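Listing of entry-v8.cif; format and content: mmCIF, C-alpha atoms.
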```cif
data_my_file
loop_
_atom_site.label_atom_id
_atom_site.label_comp_id
_atom_site.auth_asym_id
_atom_site.auth_seq_id
_atom_site.Cartn_x
_atom_site.Cartn_y
_atom_site.Cartn_z
CA MET A 22 118.94 102.96 96.06
CA ASP A 23 116.40 103.83 98.74
CA ASP A 24 117.57 102.41 102.09
CA THR A 25 113.96 101.89 103.22
CA ALA A 26 113.34 99.37 100.42
CA ASP A 27 115.12 96.67 102.44
CA LEU A 28 113.86 97.74 105.84
CA ARG A 29 113.67 94.62 108.00
CA PRO A 30 113.52 95.82 111.59
CA ALA A 31 114.92 93.14 113.88
CA ASP A 32 112.72 94.43 116.69
CA LEU A 33 109.63 93.37 114.76
CA ARG A 34 110.27 89.63 114.26
CA PRO A 35 108.26 87.53 114.18
CA LEU A 36 105.07 89.54 114.46
CA THR A 37 101.70 89.35 112.77
CA LEU A 38 100.62 92.75 111.51
CA VAL A 39 96.86 93.09 111.14
CA VAL A 40 96.38 96.03 108.78
CA MET A 41 92.99 97.36 109.81
CA GLY A 42 90.45 100.05 108.98
CA PRO A 43 87.35 100.57 106.87
CA SER A 44 87.07 99.57 103.24
CA GLY A 45 88.93 101.96 100.95
CA VAL A 46 91.45 103.19 103.53
CA GLY A 47 94.31 101.44 101.73
CA LYS A 48 94.75 98.19 103.67
CA THR A 49 95.82 96.02 100.73
CA SER A 50 98.21 98.58 99.25
CA VAL A 51 99.90 99.29 102.57
CA ALA A 52 99.98 95.59 103.50
CA ARG A 53 101.74 94.75 100.24
CA ALA A 54 104.29 97.52 100.91
CA LEU A 55 104.86 96.10 104.41
CA VAL A 56 105.43 92.64 102.91
CA GLU A 57 107.93 94.11 100.43
CA ARG A 58 109.89 95.58 103.34
CA THR A 59 109.75 92.61 105.70
CA GLY A 60 109.55 89.53 103.47
CA TRP A 61 106.80 88.18 105.71
CA ALA A 62 103.85 86.03 104.62
CA PHE A 63 100.79 87.85 103.30
CA GLN A 64 97.09 87.08 103.37
CA GLU A 65 94.29 89.22 101.99
CA GLY A 66 91.69 88.93 104.76
CA ASP A 67 88.79 89.46 102.35
CA ALA A 68 89.76 86.20 100.61
CA LEU A 69 88.83 84.37 103.81
CA HIS A 70 85.23 85.65 103.78
CA PRO A 71 82.64 82.93 103.19
CA GLU A 72 80.90 83.34 99.84
CA THR A 73 77.65 84.23 101.66
CA ASN A 74 79.38 87.29 103.17
CA ARG A 75 80.67 88.42 99.78
CA MET A 76 77.23 88.03 98.23
CA LYS A 77 75.60 89.94 101.08
CA MET A 78 78.02 92.85 100.75
CA ALA A 79 77.77 92.87 96.95
CA ALA A 80 74.02 93.24 97.37
CA GLY A 81 74.62 96.34 99.51
CA THR A 82 73.77 94.74 102.86
CA PRO A 83 76.18 95.39 105.73
CA LEU A 84 77.52 92.39 107.60
CA ASP A 85 76.42 91.88 111.19
CA ASP A 86 78.38 90.27 113.99
CA GLU A 87 77.02 86.81 113.22
CA ASP A 88 78.31 87.15 109.65
CA ARG A 89 81.72 88.29 110.83
CA TRP A 90 82.54 85.70 113.54
CA PRO A 91 83.28 82.76 111.18
CA TRP A 92 85.43 85.05 109.02
CA LEU A 93 87.35 86.38 112.03
CA ARG A 94 87.95 82.81 113.25
CA ARG A 95 89.43 81.92 109.84
CA ILE A 96 91.77 84.90 110.16
CA ALA A 97 92.71 83.88 113.72
CA ASP A 98 93.45 80.35 112.47
CA TRP A 99 95.75 81.76 109.76
CA ILE A 100 97.53 83.87 112.38
CA GLY A 101 97.93 80.80 114.59
CA ALA A 102 99.45 78.80 111.72
CA CYS A 103 102.00 81.57 111.08
CA GLU A 104 102.87 81.74 114.78
CA THR A 105 103.31 77.97 114.95
CA ALA A 106 105.68 78.19 111.99
CA GLY A 107 107.61 81.03 113.68
CA GLN A 108 106.85 83.20 110.68
CA GLY A 109 106.24 86.94 110.54
CA ALA A 110 103.00 87.77 108.74
CA VAL A 111 100.82 90.56 107.40
CA ILE A 112 97.06 90.22 106.97
CA THR A 113 94.35 92.70 106.06
CA CYS A 114 91.16 92.82 108.11
CA SER A 115 88.77 95.67 108.82
CA ALA A 116 88.81 94.70 112.55
CA LEU A 117 86.31 97.48 113.12
CA LYS A 118 85.38 96.66 116.71
CA ARG A 119 87.50 95.97 119.74
CA ARG A 120 85.78 92.63 120.35
CA TYR A 121 86.84 91.55 116.85
CA ARG A 122 90.42 92.56 117.58
CA ASP A 123 90.26 90.76 120.93
CA LEU A 124 89.28 87.55 119.10
CA LEU A 125 92.17 87.97 116.64
CA ARG A 126 94.78 88.38 119.35
CA GLU A 127 93.38 85.85 121.84
CA GLY A 128 96.13 83.29 122.27
CA HIS A 129 98.20 85.06 119.59
CA PRO A 130 100.93 87.14 121.24
CA SER A 131 102.45 88.08 117.87
CA VAL A 132 99.51 90.27 116.82
CA ARG A 133 100.04 93.99 116.39
CA PHE A 134 97.43 96.19 114.73
CA VAL A 135 98.27 98.79 112.10
CA HIS A 136 95.18 101.01 112.19
CA LEU A 137 95.05 102.95 108.93
CA ALA A 138 93.15 106.21 109.13
CA ALA A 139 92.05 108.72 106.50
CA ASP A 140 89.50 111.44 106.07
CA PRO A 141 86.10 109.91 105.16
CA ALA A 142 85.95 112.08 102.02
CA LEU A 143 89.25 110.61 100.82
CA ILE A 144 88.07 107.07 101.57
CA THR A 145 84.84 107.73 99.66
CA GLU A 146 86.85 109.01 96.69
CA ARG A 147 89.03 105.88 96.75
CA ILE A 148 86.08 103.49 96.96
CA THR A 149 84.16 105.26 94.24
CA GLY A 150 87.15 105.06 91.92
CA ARG A 151 87.97 101.38 92.37
CA THR A 152 86.68 98.55 90.24
CA GLY A 153 86.35 94.82 90.69
CA HIS A 154 85.63 94.88 94.43
CA TYR A 155 82.45 93.34 95.78
CA MET A 156 81.89 95.97 98.46
CA PRO A 157 79.93 98.93 97.11
CA PRO A 158 80.59 102.51 98.25
CA SER A 159 77.14 102.57 99.88
CA LEU A 160 78.45 100.35 102.72
CA LEU A 161 81.23 102.73 103.77
CA ARG A 162 78.95 104.66 106.15
CA SER A 163 78.09 101.46 108.05
CA GLN A 164 81.80 100.69 108.46
CA LEU A 165 82.65 104.19 109.63
CA ASP A 166 79.75 104.05 112.12
CA ALA A 167 80.93 100.67 113.46
CA LEU A 168 84.63 101.62 113.71
CA GLU A 169 86.03 101.65 117.23
CA PRO A 170 89.49 103.20 116.88
CA LEU A 171 92.45 101.30 118.23
CA ALA A 172 92.71 102.04 121.96
CA ASP A 173 95.93 102.95 123.75
CA ASP A 174 95.96 99.63 125.61
CA GLU A 175 95.73 97.57 122.40
CA PRO A 176 98.96 96.38 120.77
CA GLY A 177 99.59 98.46 117.70
CA ILE A 178 99.74 101.86 116.15
CA ARG A 179 97.60 104.32 114.19
CA VAL A 180 98.90 105.70 110.89
CA GLU A 181 97.36 108.28 108.56
CA THR A 182 97.31 107.10 104.95
CA LEU A 183 98.87 110.27 103.62
CA GLY A 184 101.29 109.74 100.75
CA ASP A 185 101.90 106.62 98.76
CA PRO A 186 101.60 103.14 100.33
CA ALA A 187 105.39 102.77 100.59
CA ALA A 188 105.64 105.95 102.69
CA VAL A 189 102.75 104.82 104.90
CA ALA A 190 104.41 101.40 105.38
CA ASP A 191 107.70 103.06 106.32
CA ARG A 192 105.97 105.26 108.92
CA ALA A 193 104.11 102.24 110.27
CA LEU A 194 107.30 100.20 110.68
CA THR A 195 109.08 103.09 112.38
CA LEU A 196 106.18 103.56 114.82
CA LEU A 197 105.90 99.83 115.48
CA GLU A 198 109.60 99.48 116.14
CA ALA A 199 109.50 102.37 118.62
CA ARG A 200 106.46 100.90 120.35
CA GLU A 201 108.09 97.45 120.58
CA ARG A 202 111.22 98.98 122.15
CA ALA A 203 109.07 100.87 124.66
CA ARG A 204 107.20 97.66 125.61
CA ARG A 205 110.40 95.84 126.57
CA PRO A 206 111.52 95.93 130.17
CA ALA A 207 114.63 98.02 130.79
CA GLY A 208 117.91 96.19 131.13
#
```
As a first step, turn the structure in this file into structure tokens.
Amino acid sequence: MDDTADLRPADLRPLTLVVMGPSGVGKTSVARALVERTGWAFQEGDALHPETNRMKMAAGTPLDDEDRWPWLRRIADWIGACETAGQGAVITCSALKRRYRDLLREGHPSVRFVHLAADPALITERITGRTGHYMPPSLLRSQLDALEPLADDEPGIRVETLGDPAAVADRALTLLEARERARRPAG
């Protein structure tokens, strides 16, 4: 049996992991692998989009900030409910801009970002090959242009999506655990 299958790092409880990055980077797959390893609650962030946002994206129109704010507030509310319950959680959200991430973590000390990164050509290949998603490949460029990578002073880590989702999740948990240990005062 693989020892990483039951990885439940004590240093990471209870946190809310916001698995972030552009469409097609692997957020849902990696988030599900993180949930398998931690047993934490899971929410697909796209499910919290208002129907008007989904229709706009399906029509090939990128969302603007005004479209995103209500969605981000719904995600922040979900995070708050998990924190109130004392529950670890994993949620997917593109969280492309720092101001979006600031909204998600405002008043939510449990939030840590897992910024998934991949070569744009690989992301394009993934998006082109998927079916049943309302976001067309034509919108990827707008997401890549809007992406503000996770900064060093933001809580979280950056992980390349090389390998299968389980391997990416394992690397993410290892990096998060090390970062959490480093954040603690000595003694």
Could you tell me, as an MDAnalysis selection string, exactly which residues end up selected when the PyMOL selection byres ((chain A and resi 144) around 9) is applied to this structure? chainID A and resid 43:47 139:143 145:149 161
Got time to write the residues from that selection, C-alpha atoms, as a PDB file, in the frame of the given file?
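For reference, out_30.pdb as written:
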```
ATOM      1  CA  PRO A  43      87.350 100.570 106.870  1.00  0.00           C
ATOM      2  CA  SER A  44      87.070  99.570 103.240  1.00  0.00           C
ATOM      3  CA  GLY A  45      88.930 101.960 100.950  1.00  0.00           C
ATOM      4  CA  VAL A  46      91.450 103.190 103.530  1.00  0.00           C
ATOM      5  CA  GLY A  47      94.310 101.440 101.730  1.00  0.00           C
ATOM      6  CA  ALA A 139      92.050 108.720 106.500  1.00  0.00           C
ATOM      7  CA  ASP A 140      89.500 111.440 106.070  1.00  0.00           C
ATOM      8  CA  PRO A 141      86.100 109.910 105.160  1.00  0.00           C
ATOM      9  CA  ALA A 142      85.950 112.080 102.020  1.00  0.00           C
ATOM     10  CA  LEU A 143      89.250 110.610 100.820  1.00  0.00           C
ATOM     11  CA  THR A 145      84.840 107.730  99.660  1.00  0.00           C
ATOM     12  CA  GLU A 146      86.850 109.010  96.690  1.00  0.00           C
ATOM     13  CA  ARG A 147      89.030 105.880  96.750  1.00  0.00           C
ATOM     14  CA  ILE A 148      86.080 103.490  96.960  1.00  0.00           C
ATOM     15  CA  THR A 149      84.160 105.260  94.240  1.00  0.00           C
ATOM     16  CA  LEU A 161      81.230 102.730 103.770  1.00  0.00           C
TER      17      LEU A 161
END
```
Determine, counting only C-alpha atoms, every residue of protein, DNA or RNA that lies within 9 Å of (79.8, 100.0, 111.1) in the file coordinates, then give the result as a short mmCIF file (atom, residue, chain, number, x, y, z; two decimals) with C-alpha atoms, keeping the file's coordinate frame.
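Below is the file selection18.cif, written as the result:
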```cif
data_model
loop_
_atom_site.label_atom_id
_atom_site.label_comp_id
_atom_site.auth_asym_id
_atom_site.auth_seq_id
_atom_site.Cartn_x
_atom_site.Cartn_y
_atom_site.Cartn_z
CA PRO A 43 87.35 100.57 106.87
CA PRO A 83 76.18 95.39 105.73
CA LEU A 84 77.52 92.39 107.60
CA ASP A 85 76.42 91.88 111.19
CA LEU A 117 86.31 97.48 113.12
CA LYS A 118 85.38 96.66 116.71
CA LEU A 160 78.45 100.35 102.72
CA LEU A 161 81.23 102.73 103.77
CA ARG A 162 78.95 104.66 106.15
CA SER A 163 78.09 101.46 108.05
CA GLN A 164 81.80 100.69 108.46
CA LEU A 165 82.65 104.19 109.63
CA ASP A 166 79.75 104.05 112.12
CA ALA A 167 80.93 100.67 113.46
CA LEU A 168 84.63 101.62 113.71
CA GLU A 169 86.03 101.65 117.23
#
```
The PyMOL selection byres ((chain A and resi 133) around 8) resolved against shown file, as an MDAnalysis selection string: chainID A and resid 36:39 131:132 134:135 176:178
If the PyMOL selection byres ((chain A and resi 124) around 12) were run on this exact file, what residues would it hold? Put them as a tab-separated table (two decimals) with C-alpha atoms, keeping the file's coordinate frame.
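As written to disk, out_24.tsv reads:
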```
chain	number	residue	atom	x	y	z
A	89	ARG	CA	81.72	88.29	110.83
A	90	TRP	CA	82.54	85.70	113.54
A	91	PRO	CA	83.28	82.76	111.18
A	92	TRP	CA	85.43	85.05	109.02
A	93	LEU	CA	87.35	86.38	112.03
A	94	ARG	CA	87.95	82.81	113.25
A	95	ARG	CA	89.43	81.92	109.84
A	96	ILE	CA	91.77	84.90	110.16
A	97	ALA	CA	92.71	83.88	113.72
A	98	ASP	CA	93.45	80.35	112.47
A	100	ILE	CA	97.53	83.87	112.38
A	101	GLY	CA	97.93	80.80	114.59
A	116	ALA	CA	88.81	94.70	112.55
A	117	LEU	CA	86.31	97.48	113.12
A	118	LYS	CA	85.38	96.66	116.71
A	119	ARG	CA	87.50	95.97	119.74
A	120	ARG	CA	85.78	92.63	120.35
A	121	TYR	CA	86.84	91.55	116.85
A	122	ARG	CA	90.42	92.56	117.58
A	123	ASP	CA	90.26	90.76	120.93
A	125	LEU	CA	92.17	87.97	116.64
A	126	ARG	CA	94.78	88.38	119.35
A	127	GLU	CA	93.38	85.85	121.84
A	128	GLY	CA	96.13	83.29	122.27
A	129	HIS	CA	98.20	85.06	119.59
A	130	PRO	CA	100.93	87.14	121.24
A	132	VAL	CA	99.51	90.27	116.82
```
Contacts of segment 54-66 of chain A within 9 Å, only C-alpha atoms, excl. fewer than 6 positions in-chain, as a ChimeraX atom specification: /A:25-30,35,37-38,92-93,95-96,99,103,108-115,186-191,193-194
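The coordinates place atom CA of Thr49 of chain A at 18.8 Å from atom CA of Pro170 of chain A.
Relative to atom CA of Ala52 of chain A, atom CA of His70 of chain A is found at 17.8 Å.
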Calculate how many Å separate atom CA of Leu196 of chain A from atom CA of Arg179 of chain A, rounding to one decimal.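 Atom CA of Arg179 of chain A lies at a distance of 8.6 Å from atom CA of Leu196 of chain A.
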Shortest interatomic distance to Ala172 of chain A - which of A:Leu69, A:Glu87, A:His136, A:Arg202, counting only C-alpha atoms: A:His136
